[in-house]
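Asks: Structure file entry-v3.cif (mmCIF, C-alpha atoms) is given on the next line.
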```
data_work
loop_
_atom_site.group_PDB
_atom_site.id
_atom_site.type_symbol
_atom_site.label_atom_id
_atom_site.label_comp_id
_atom_site.auth_asym_id
_atom_site.auth_seq_id
_atom_site.Cartn_x
_atom_site.Cartn_y
_atom_site.Cartn_z
ATOM 1 C CA MET A 259 0.000 0.000 0.000
ATOM 2 C CA LEU A 260 1.256 3.461 -0.877
ATOM 3 C CA ASN A 261 2.066 5.898 1.892
ATOM 4 C CA PRO A 262 -1.234 7.708 2.641
ATOM 5 C CA ASP A 263 0.715 10.998 2.869
ATOM 6 C CA LEU A 264 1.828 10.630 -0.778
ATOM 7 C CA LYS A 265 -0.086 13.157 -2.870
ATOM 8 C CA THR A 266 2.202 13.775 -5.864
ATOM 9 C CA ILE A 267 4.491 11.592 -7.973
ATOM 10 C CA ILE A 268 6.846 13.304 -10.407
ATOM 11 C CA ILE A 269 7.910 11.018 -13.253
ATOM 12 C CA MET A 270 11.241 12.488 -14.291
ATOM 13 C CA GLY A 271 14.029 11.867 -16.762
ATOM 14 C CA VAL A 272 15.423 12.977 -20.072
ATOM 15 C CA SER A 273 13.308 13.411 -23.177
ATOM 16 C CA GLY A 274 12.456 10.018 -24.664
ATOM 17 C CA SER A 275 12.613 8.099 -21.387
ATOM 18 C CA GLY A 276 8.852 7.490 -21.423
ATOM 19 C CA LYS A 277 7.603 10.011 -18.862
ATOM 20 C CA SER A 278 4.255 10.685 -20.557
ATOM 21 C CA LEU A 279 3.391 7.054 -21.235
ATOM 22 C CA ILE A 280 4.491 5.772 -17.840
ATOM 23 C CA GLY A 281 2.935 8.699 -15.974
ATOM 24 C CA SER A 282 -0.391 8.177 -17.710
ATOM 25 C CA LEU A 283 -0.398 4.427 -17.031
ATOM 26 C CA LEU A 284 0.624 4.964 -13.406
ATOM 27 C CA ALA A 285 -2.103 7.537 -12.778
ATOM 28 C CA THR A 286 -4.699 5.219 -14.296
ATOM 29 C CA LYS A 287 -3.558 2.313 -12.139
ATOM 30 C CA LEU A 288 -3.578 4.479 -8.992
ATOM 31 C CA GLU A 289 -6.924 6.094 -9.941
ATOM 32 C CA GLY A 290 -5.336 9.527 -10.000
ATOM 33 C CA VAL A 291 -4.797 12.327 -12.477
ATOM 34 C CA PHE A 292 -1.880 12.602 -14.906
ATOM 35 C CA GLU A 293 -0.567 15.724 -16.582
ATOM 36 C CA ASP A 294 2.498 16.354 -18.706
ATOM 37 C CA GLY A 295 4.651 19.249 -17.561
ATOM 38 C CA ASP A 296 5.513 19.986 -21.190
ATOM 39 C CA ASP A 297 1.930 21.148 -21.685
ATOM 40 C CA PHE A 298 2.628 24.034 -19.293
ATOM 41 C CA HIS A 299 5.681 25.375 -21.165
ATOM 42 C CA PRO A 300 5.113 28.822 -22.645
ATOM 43 C CA ALA A 301 5.226 29.031 -26.436
ATOM 44 C CA ALA A 302 8.623 30.759 -26.318
ATOM 45 C CA ASN A 303 10.185 27.768 -24.512
ATOM 46 C CA LYS A 304 8.725 25.309 -27.018
ATOM 47 C CA ALA A 305 9.971 27.415 -29.929
ATOM 48 C CA LYS A 306 13.459 27.593 -28.425
ATOM 49 C CA MET A 307 13.642 23.812 -27.929
ATOM 50 C CA SER A 308 12.192 23.157 -31.393
ATOM 51 C CA ALA A 309 15.029 25.243 -32.814
ATOM 52 C CA GLY A 310 17.519 22.947 -31.058
ATOM 53 C CA THR A 311 18.454 25.419 -28.328
ATOM 54 C CA PRO A 312 18.447 24.098 -24.753
ATOM 55 C CA LEU A 313 16.499 26.136 -22.219
ATOM 56 C CA ASN A 314 18.458 28.071 -19.633
ATOM 57 C CA ASP A 315 17.414 28.508 -16.017
ATOM 58 C CA ASP A 316 15.866 31.916 -16.709
ATOM 59 C CA ASP A 317 13.565 30.143 -19.207
ATOM 60 C CA ARG A 318 12.714 27.477 -16.657
ATOM 61 C CA TRP A 319 11.946 29.404 -13.436
ATOM 62 C CA PRO A 320 8.487 30.676 -14.473
ATOM 63 C CA TRP A 321 7.638 27.209 -15.807
ATOM 64 C CA TYR A 322 8.640 25.554 -12.524
ATOM 65 C CA ALA A 323 6.574 28.126 -10.596
ATOM 66 C CA THR A 324 3.575 27.232 -12.769
ATOM 67 C CA LEU A 325 4.145 23.510 -12.171
ATOM 68 C CA ARG A 326 4.428 24.007 -8.403
ATOM 69 C CA GLN A 327 1.164 25.941 -8.382
ATOM 70 C CA ARG A 328 -0.439 23.136 -10.387
ATOM 71 C CA ILE A 329 0.794 20.569 -7.832
ATOM 72 C CA GLU A 330 -0.833 22.561 -5.050
ATOM 73 C CA ASP A 331 -4.064 23.044 -7.007
ATOM 74 C CA MET A 332 -4.337 19.340 -7.822
ATOM 75 C CA ARG A 333 -4.054 18.341 -4.158
ATOM 76 C CA HIS A 334 -7.645 19.527 -3.752
ATOM 77 C CA LEU A 335 -8.900 17.738 -6.858
ATOM 78 C CA THR A 336 -7.457 14.217 -6.780
ATOM 79 C CA PRO A 337 -6.092 11.793 -4.194
ATOM 80 C CA ILE A 338 -2.915 11.255 -6.282
ATOM 81 C CA TYR A 339 -1.410 13.537 -8.911
ATOM 82 C CA VAL A 340 1.166 12.216 -11.367
ATOM 83 C CA LEU A 341 3.194 14.823 -13.242
ATOM 84 C CA ALA A 342 5.708 14.163 -16.007
ATOM 85 C CA CYS A 343 8.587 16.625 -15.764
ATOM 86 C CA SER A 344 12.240 16.261 -16.677
ATOM 87 C CA ALA A 345 13.370 17.801 -13.330
ATOM 88 C CA LEU A 346 16.968 17.015 -14.251
ATOM 89 C CA LYS A 347 18.750 19.220 -11.698
ATOM 90 C CA SER A 348 18.419 19.000 -7.949
ATOM 91 C CA ILE A 349 17.515 22.703 -7.787
ATOM 92 C CA TYR A 350 14.616 22.086 -10.184
ATOM 93 C CA ARG A 351 13.314 19.314 -7.949
ATOM 94 C CA ASP A 352 13.633 21.680 -4.978
ATOM 95 C CA LYS A 353 11.357 24.144 -6.806
ATOM 96 C CA LEU A 354 8.750 21.412 -7.312
ATOM 97 C CA LEU A 355 9.080 20.094 -3.759
ATOM 98 C CA ALA A 356 8.871 23.581 -2.200
ATOM 99 C CA HIS A 357 7.724 23.273 1.410
ATOM 100 C CA ASP A 358 6.133 19.810 1.233
ATOM 101 C CA GLN A 359 6.408 17.514 4.205
ATOM 102 C CA PRO A 360 8.505 14.335 3.747
ATOM 103 C CA GLY A 361 6.598 11.633 1.895
ATOM 104 C CA THR A 362 4.103 14.023 0.276
ATOM 105 C CA LEU A 363 5.883 14.231 -3.080
ATOM 106 C CA ARG A 364 8.189 11.598 -4.605
ATOM 107 C CA PHE A 365 10.455 11.729 -7.641
ATOM 108 C CA VAL A 366 10.773 8.661 -9.888
ATOM 109 C CA LEU A 367 13.632 8.686 -12.415
ATOM 110 C CA LEU A 368 13.043 6.690 -15.590
ATOM 111 C CA ASP A 369 16.569 5.457 -16.107
ATOM 112 C CA GLY A 370 17.982 3.987 -19.309
ATOM 113 C CA SER A 371 21.042 3.868 -21.500
ATOM 114 C CA LYS A 372 21.830 6.676 -23.936
ATOM 115 C CA GLU A 373 21.494 4.188 -26.812
ATOM 116 C CA LEU A 374 18.002 3.052 -25.771
ATOM 117 C CA ILE A 375 16.749 6.611 -25.285
ATOM 118 C CA ALA A 376 18.331 7.811 -28.560
ATOM 119 C CA SER A 377 16.579 5.011 -30.448
ATOM 120 C CA ARG A 378 13.241 6.057 -28.927
ATOM 121 C CA LEU A 379 13.818 9.698 -29.823
ATOM 122 C CA ALA A 380 14.716 8.763 -33.395
ATOM 123 C CA ALA A 381 11.402 6.888 -33.737
ATOM 124 C CA ARG A 382 9.313 9.738 -32.307
ATOM 125 C CA LYS A 383 7.445 11.994 -34.729
ATOM 126 C CA GLY A 384 6.159 15.516 -34.220
ATOM 127 C CA HIS A 385 7.633 16.260 -30.778
ATOM 128 C CA PHE A 386 9.125 19.700 -30.139
ATOM 129 C CA MET A 387 12.214 18.248 -28.435
ATOM 130 C CA PRO A 388 14.818 17.302 -31.069
ATOM 131 C CA PRO A 389 17.050 14.239 -30.515
ATOM 132 C CA ALA A 390 20.095 16.510 -30.783
ATOM 133 C CA LEU A 391 19.407 17.822 -27.262
ATOM 134 C CA LEU A 392 19.778 14.384 -25.634
ATOM 135 C CA ASP A 393 23.477 14.888 -24.846
ATOM 136 C CA SER A 394 22.795 18.206 -23.105
ATOM 137 C CA GLN A 395 19.992 16.624 -21.078
ATOM 138 C CA LEU A 396 22.162 13.690 -20.005
ATOM 139 C CA ALA A 397 24.924 16.118 -19.001
ATOM 140 C CA THR A 398 22.416 18.130 -16.933
ATOM 141 C CA LEU A 399 20.950 15.134 -15.056
ATOM 142 C CA GLU A 400 21.835 15.237 -11.350
ATOM 143 C CA PRO A 401 20.580 12.057 -9.684
ATOM 144 C CA THR A 402 20.285 12.370 -5.912
ATOM 145 C CA PRO A 403 19.678 9.703 -3.256
ATOM 146 C CA ASP A 404 16.080 10.828 -2.646
ATOM 147 C CA ILE A 405 14.838 9.813 -6.098
ATOM 148 C CA LEU A 406 13.600 6.344 -6.950
ATOM 149 C CA ARG A 407 15.367 4.950 -10.018
ATOM 150 C CA VAL A 408 13.446 2.615 -12.295
ATOM 151 C CA SER A 409 14.909 0.914 -15.346
ATOM 152 C CA ILE A 410 13.117 1.608 -18.620
ATOM 153 C CA ASP A 411 14.566 -1.534 -20.175
ATOM 154 C CA GLN A 412 11.284 -3.402 -19.565
ATOM 155 C CA THR A 413 7.670 -3.212 -20.712
ATOM 156 C CA PRO A 414 5.566 -0.197 -19.702
ATOM 157 C CA GLU A 415 3.440 -2.440 -17.456
ATOM 158 C CA GLN A 416 6.572 -3.778 -15.740
ATOM 159 C CA ILE A 417 7.867 -0.240 -15.242
ATOM 160 C CA VAL A 418 4.587 0.845 -13.614
ATOM 161 C CA ASN A 419 4.560 -2.212 -11.358
ATOM 162 C CA ASP A 420 8.206 -1.565 -10.453
ATOM 163 C CA ILE A 421 7.352 2.041 -9.496
ATOM 164 C CA ILE A 422 4.416 0.972 -7.332
ATOM 165 C CA GLN A 423 6.497 -1.703 -5.627
ATOM 166 C CA LYS A 424 9.326 0.769 -4.886
ATOM 167 C CA LEU A 425 6.902 3.394 -3.613
ATOM 168 C CA GLU A 426 5.378 0.850 -1.235
ATOM 169 C CA LEU A 427 8.803 0.218 0.284
ATOM 170 C CA VAL A 428 9.502 3.857 1.179
#
```
I'd like the structure from this file rewritten - as structure tokens, please.
Replies:
Amino acid sequence: MLNPDLKTIIIMGVSGSGKSLIGSLLATKLEGVFEDGDDFHPAANKAKMSAGTPLNDDDRWPWYATLRQRIEDMRHLTPIYVLACSALKSIYRDKLLAHDQPGTLRFVLLDGSKELIASRLAARKGHFMPPALLDSQLATLEPTPDILRVSIDQTPEQIVNDIIQKLELV
């Protein structure tokens, strides 16, 4: 059984790791609500990434503030909120965590090899994030001991079950 204090699960990782698919499946299984953080990017951020330019922190701060507000809003609307968000740096996760009590919000890193993720990005059509930015995302990733790491080298259903099992242990 999941910790009853757990209100928000952030599915994090680089582009192409499966955040949207896994987040959606997890929310369905937990009878919660899923949203993709990418949907909250302003048009200027999407245009910048589409042009192959990585976002800088000044681009990200307003977006993270919007996501944090969404986390707080969703706490009144659903028992569990699952949000897909890259959250690659520790400071970004701090912005999402804000003042939450321990156990209220958990980060789950979808972890996979560069080769596996690159192959997924190459197969993806119509996404604003170009495969060329994968190296910059991998270089930015700062795993910390507080995040749960889950291998993406398994089926989506296995990944979701792995997440639930790991969340039950913490």
Asks: Written as a list in words, which residues does the PyMOL selection byres ((chain A and resi 304) around 12) give for the file shown?
Replies: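 On the file shown, the PyMOL selection byres ((chain A and resi 304) around 12) covers Gly295, Asp296, Asp297, Phe298, His299, Pro300, Ala301, Ala302, Asn303, Ala305, Lys306, Met307, Ser308, Ala309, Gly310, Thr311, Pro312, Leu313, Asp317, Arg318, Trp321, His385, Phe386, Met387 and Pro388 of chain A.
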Asks: Using only C-alpha atoms, which of the listed residues (A:Leu341, A:Ala323, A:Ala381, A:Ala356) sits closest to Gly271 in chain A?
Replies: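 Nearest to Gly271 in chain A: A:Leu341.
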Asks: Between CA of Met270 in chain A and CA of Cys343 in chain A, what is the spacing in Å?
Replies: 5.1 Å
Asks: Just how far from CA of Gly276 in chain A is CA of Ser377 in chain A, in Å to one decimal?
Replies: 12.1 Å
Asks: List as a PyMOL selection string the protein and nucleic acid residues near range 409-426 of chain A, meaning an atom at most 12 Å away when all atoms listed in the file are counted, but skip any in the same chain fewer than 5 places from it.
Replies: chain A and resi 259-264+266-272+274-288+361-375+378+404
Asks: Enumerate, as an NGL selection string, the residues matched when the PyMOL selection byres ((chain A and resi 337) around 7) is run on the file above.
Replies: :A and (265 or 290 or 333 or 336 or 338-339)
Asks: Work out how far CA of Trp319 in chain A is from CA of Val291 in chain A, in Å to one decimal.
Replies: 23.9 Å
Asks: Check what the PyMOL selection byres ((chain A and resi 399) around 8) selects in the file above and give those residues as a CSV table (one decimal) with C-alpha atoms, in the coordinates of the input.
Replies:
```
chain,number,residue,atom,x,y,z
A,271,GLY,CA,14.0,11.9,-16.8
A,272,VAL,CA,15.4,13.0,-20.1
A,346,LEU,CA,17.0,17.0,-14.3
A,347,LYS,CA,18.8,19.2,-11.7
A,395,GLN,CA,20.0,16.6,-21.1
A,396,LEU,CA,22.2,13.7,-20.0
A,397,ALA,CA,24.9,16.1,-19.0
A,398,THR,CA,22.4,18.1,-16.9
A,400,GLU,CA,21.8,15.2,-11.4
A,401,PRO,CA,20.6,12.1,-9.7
```
Asks: Of the residues A:Asp358, A:Ser394, A:Asp294, A:Gln327, which is the one nearest to Asn314 in chain A, using all atoms listed in the file?
Replies: A:Ser394
Asks: Using only C-alpha atoms, find the one residue out of A:Ile405, A:Leu354, A:Asp315, A:Glu293 that sits nearest to Met332 in chain A.
Replies: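 Under the stated criterion, the closest residue is A:Glu293.
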Asks: Put the listed atoms of range 314-329 of chain A in a box along x, y and z with 5 Å added on every side and give me the centre and edge lengths in Å to one decimal, as JSON.
Replies:
```
{"center_x": 9.0, "center_y": 26.2, "center_z": -13.7, "size_x": 28.9, "size_y": 21.3, "size_z": 21.8}
```
Asks: Looking at A:Thr402, A:Pro360, A:Phe292, A:Tyr350, which one is nearest to Arg328 in chain A, with distances taken over only C-alpha atoms?
Replies: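 Once distances to Arg328 in chain A are computed over only C-alpha atoms, the minimum belongs to A:Phe292.
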Asks: Rank A:Pro403, A:Leu427, A:Asp352, A:Leu379 by their smallest atom-to-atom distance to Arg326 in chain A, using only C-alpha atoms, and report the top residue only.
Replies: A:Asp352
